[in-house]
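Report on the structure given below.
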Amino acid sequence: MPYDVKKDLKQLYAPKNTDWALLDVPEQQFLAIDGRGNPNTAESYQKAVEALYTFAYTIKMTAKRTGEDFVVAPLEGLWWADDYTAFTVHAKDSWQWTMLISLPGHLGEDAVEEAREAVRRKKKIDPPVRLEKLHEGRCAQALHIGSYDDEGPLLARLHDEFLEQHGLEPTGLHHEVYLGDPRKTEPAKLKTVLRQPVG
């Protein structure tokens, strides 16, 4: 059976809690690409996501031939802004992001560089996709069901209530895991894991 991170790390990719709860997140490695701007309208965002998937499926095809097949993981994102209110007022043009796709631990830099050569050769492009390790440790996490634009109340509850009640502060970037495809799923049924490293 192909490796599937959604099954291996079910607590990160299939949480049931729709309000905030604490958990420990182990180190993972990702294909990563950085950018800035409105994810709904910025061409750079669309190209970044396409590049990640191109690399992920290129690596998968090679791994399949060597008996190390895996299921391509969901899209994830780290989000931040110079001013946190950019998220509460939806000032999306000032959002900064690192988009991610989890990569199995047994694959490393060699697999990424081999994919880069294949993408250069076949697609004639050279996007700045890299391998990045992320160890978030203790995090607050919740499952949001609904439109991405409706995450505000749940995030407000995290920052205005949950963190204070538990004597915690944010220690890393806001992290989202996209479990649905917005092109195929109506907004009200989209599922997004929201995660915040805390300490």
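Letters for chains follow the order of the structure tokens (A, B, ...), residue numbers begin at 1 for each chain, and ligand numbers begin at 1 in the order shown.
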Quick one: contact table of region 108-171 of chain A to region 28-40 of chain A, 9 Å max, nearest atom pair and distance in Å to one decimal per residue, counting only C-alpha atoms, chain and number order, as JSON lines?
```
{"residue": "A:Gly108", "atom": "CA", "partner": "A:Gln29", "partner_atom": "CA", "distance": 8.7}
{"residue": "A:Val112", "atom": "CA", "partner": "A:Leu31", "partner_atom": "CA", "distance": 8.1}
{"residue": "A:Pro127", "atom": "CA", "partner": "A:Ile33", "partner_atom": "CA", "distance": 8.3}
{"residue": "A:Pro128", "atom": "CA", "partner": "A:Ile33", "partner_atom": "CA", "distance": 6.3}
{"residue": "A:Val129", "atom": "CA", "partner": "A:Ile33", "partner_atom": "CA", "distance": 5.0}
{"residue": "A:Arg130", "atom": "CA", "partner": "A:Ala32", "partner_atom": "CA", "distance": 5.3}
{"residue": "A:Leu131", "atom": "CA", "partner": "A:Leu31", "partner_atom": "CA", "distance": 4.8}
{"residue": "A:Glu132", "atom": "CA", "partner": "A:Phe30", "partner_atom": "CA", "distance": 5.3}
{"residue": "A:Lys133", "atom": "CA", "partner": "A:Gln29", "partner_atom": "CA", "distance": 4.2}
{"residue": "A:Leu134", "atom": "CA", "partner": "A:Gln28", "partner_atom": "CA", "distance": 5.5}
{"residue": "A:His135", "atom": "CA", "partner": "A:Gln28", "partner_atom": "CA", "distance": 6.4}
{"residue": "A:Glu136", "atom": "CA", "partner": "A:Gln28", "partner_atom": "CA", "distance": 8.9}
```
Take the residues just selected and output them with all heavy atoms as a compact mmCIF listing (two decimals), in the first residue's frame.
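Result went into out.txt, see below:
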```
# COMPACT_ATOMS: atom_id res chain seq x y z
N GLY A 108 14.32 12.63 0.38
CA GLY A 108 15.08 13.81 0.80
C GLY A 108 15.43 14.74 -0.33
O GLY A 108 14.75 14.80 -1.36
N VAL A 112 14.02 15.76 -4.43
CA VAL A 112 13.57 17.09 -4.85
C VAL A 112 14.41 17.59 -6.02
O VAL A 112 13.88 18.14 -7.00
CB VAL A 112 13.64 18.08 -3.66
CG1 VAL A 112 13.25 19.49 -4.12
CG2 VAL A 112 12.73 17.61 -2.53
N PRO A 127 10.59 26.70 -10.88
CA PRO A 127 10.02 27.39 -9.72
C PRO A 127 10.85 27.15 -8.47
O PRO A 127 11.50 26.10 -8.33
CB PRO A 127 8.63 26.75 -9.59
CG PRO A 127 8.77 25.42 -10.23
CD PRO A 127 9.78 25.56 -11.32
N PRO A 128 10.86 28.12 -7.53
CA PRO A 128 11.71 28.01 -6.34
C PRO A 128 11.11 27.11 -5.25
O PRO A 128 10.95 27.51 -4.10
CB PRO A 128 11.81 29.46 -5.87
CG PRO A 128 10.53 30.09 -6.31
CD PRO A 128 10.18 29.42 -7.62
N VAL A 129 10.79 25.87 -5.63
CA VAL A 129 10.30 24.89 -4.67
C VAL A 129 11.51 24.33 -3.90
O VAL A 129 12.55 24.07 -4.50
CB VAL A 129 9.54 23.75 -5.38
CG1 VAL A 129 9.16 22.65 -4.39
CG2 VAL A 129 8.29 24.29 -6.07
N ARG A 130 11.36 24.15 -2.60
CA ARG A 130 12.46 23.64 -1.78
C ARG A 130 11.92 22.61 -0.79
O ARG A 130 10.71 22.48 -0.60
CB ARG A 130 13.12 24.79 -1.01
CG ARG A 130 12.23 25.40 0.05
CD ARG A 130 12.89 26.54 0.79
NE ARG A 130 12.05 27.00 1.89
CZ ARG A 130 11.02 27.80 1.76
NH1 ARG A 130 10.67 28.25 0.56
NH2 ARG A 130 10.30 28.17 2.82
N LEU A 131 12.82 21.90 -0.15
CA LEU A 131 12.48 20.98 0.92
C LEU A 131 12.64 21.73 2.24
O LEU A 131 13.66 22.36 2.48
CB LEU A 131 13.40 19.76 0.89
CG LEU A 131 13.03 18.60 1.82
CD1 LEU A 131 11.73 17.95 1.39
CD2 LEU A 131 14.15 17.57 1.85
N GLU A 132 11.61 21.67 3.08
CA GLU A 132 11.67 22.37 4.36
C GLU A 132 11.18 21.46 5.47
O GLU A 132 10.15 20.79 5.33
CB GLU A 132 10.81 23.64 4.33
CG GLU A 132 10.78 24.36 5.65
CD GLU A 132 10.29 25.79 5.54
OE1 GLU A 132 10.73 26.51 4.63
OE2 GLU A 132 9.45 26.18 6.36
N LYS A 133 11.92 21.43 6.59
CA LYS A 133 11.49 20.68 7.77
C LYS A 133 10.82 21.64 8.74
O LYS A 133 11.26 22.77 8.92
CB LYS A 133 12.68 19.97 8.41
CG LYS A 133 13.21 18.86 7.54
CD LYS A 133 14.19 17.96 8.24
CE LYS A 133 14.58 16.81 7.31
NZ LYS A 133 15.59 15.94 7.89
N LEU A 134 9.75 21.15 9.35
CA LEU A 134 8.97 21.98 10.25
C LEU A 134 8.64 21.15 11.49
O LEU A 134 8.10 20.05 11.39
CB LEU A 134 7.68 22.41 9.54
CG LEU A 134 6.81 23.47 10.19
CD1 LEU A 134 7.56 24.79 10.34
CD2 LEU A 134 5.55 23.69 9.35
N HIS A 135 9.02 21.66 12.65
CA HIS A 135 8.69 20.99 13.91
C HIS A 135 7.94 21.98 14.77
O HIS A 135 8.54 22.81 15.46
CB HIS A 135 9.96 20.49 14.61
CG HIS A 135 9.65 19.57 15.75
ND1 HIS A 135 10.62 19.00 16.53
CD2 HIS A 135 8.47 19.11 16.25
CE1 HIS A 135 10.05 18.23 17.46
NE2 HIS A 135 8.75 18.29 17.30
N GLU A 136 6.61 21.90 14.75
CA GLU A 136 5.78 22.90 15.42
C GLU A 136 5.60 22.59 16.91
O GLU A 136 5.30 23.49 17.69
CB GLU A 136 4.42 23.00 14.72
CG GLU A 136 4.56 23.61 13.34
CD GLU A 136 3.26 23.58 12.56
OE1 GLU A 136 2.67 22.50 12.39
OE2 GLU A 136 2.84 24.65 12.11
```
Skipping near chain neighbours, those fewer than 2 positions away, what residues fall within 12 Å of Thr171 (chain A) using only C-alpha atoms, listed as a PyMOL selection string? chain A and resi 135-140+163+168-169+173-175+195-199
Would you list, as a PyMOL selection string, the residues of region 68-156 of chain A that end up in helix (DSSP H, G or I) under DSSP run on this structure's backbone? chain A and resi 85-88+92-94+109-123+148-150+152-156
Where in region 23-157 of chain A does DSSP assign strand (DSSP E or B), given as an MDAnalysis selection string? chainID A and resid 23:25 28:36 70 75:80 96:103 130:134 137:145
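Residues within 12 Å of Glu186 (chain A), counting only C-alpha atoms and excluding same-chain residues fewer than 3 positions away, are Ile145, Gly146, Ser147, Tyr148, Gly180, Asp181, Pro182, Arg183, Lys189, Leu190 and Lys191 of chain A.
Remark: for Lys122 (chain A), the closest of the candidate residues A:Phe55, A:Trp97, A:Phe70, A:Phe87 is A:Phe55 (distances computed over only C-alpha atoms).
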Spatial neighbours of Lys16 (chain A), 10 Å, only C-alpha atoms, chain gap at least 3 places, as an MDAnalysis selection string: chainID A and resid 11 13 19 142:144 193
Between A:Glu50, A:Asp24, A:Asp83, A:Glu114, which residue has the minimum interatomic distance to Trp95 (chain A), considering only C-alpha atoms? A:Asp83
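For the choices A:Pro26, A:Pro74, A:Gly67, A:Pro170, the atom-to-atom distance to Lys6 (chain A) is smallest for A:Pro74 when using only C-alpha atoms.
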Enter the distance from CA of Tyr53 (chain A) to CA of Ala91 (chain A), in Å, rounded to one decimal. 26.8 Å
For a test of reading the model, state the distance in Å between CA of Leu12 (chain A) and CA of Arg157 (chain A), rounded to one decimal. 20.2 Å
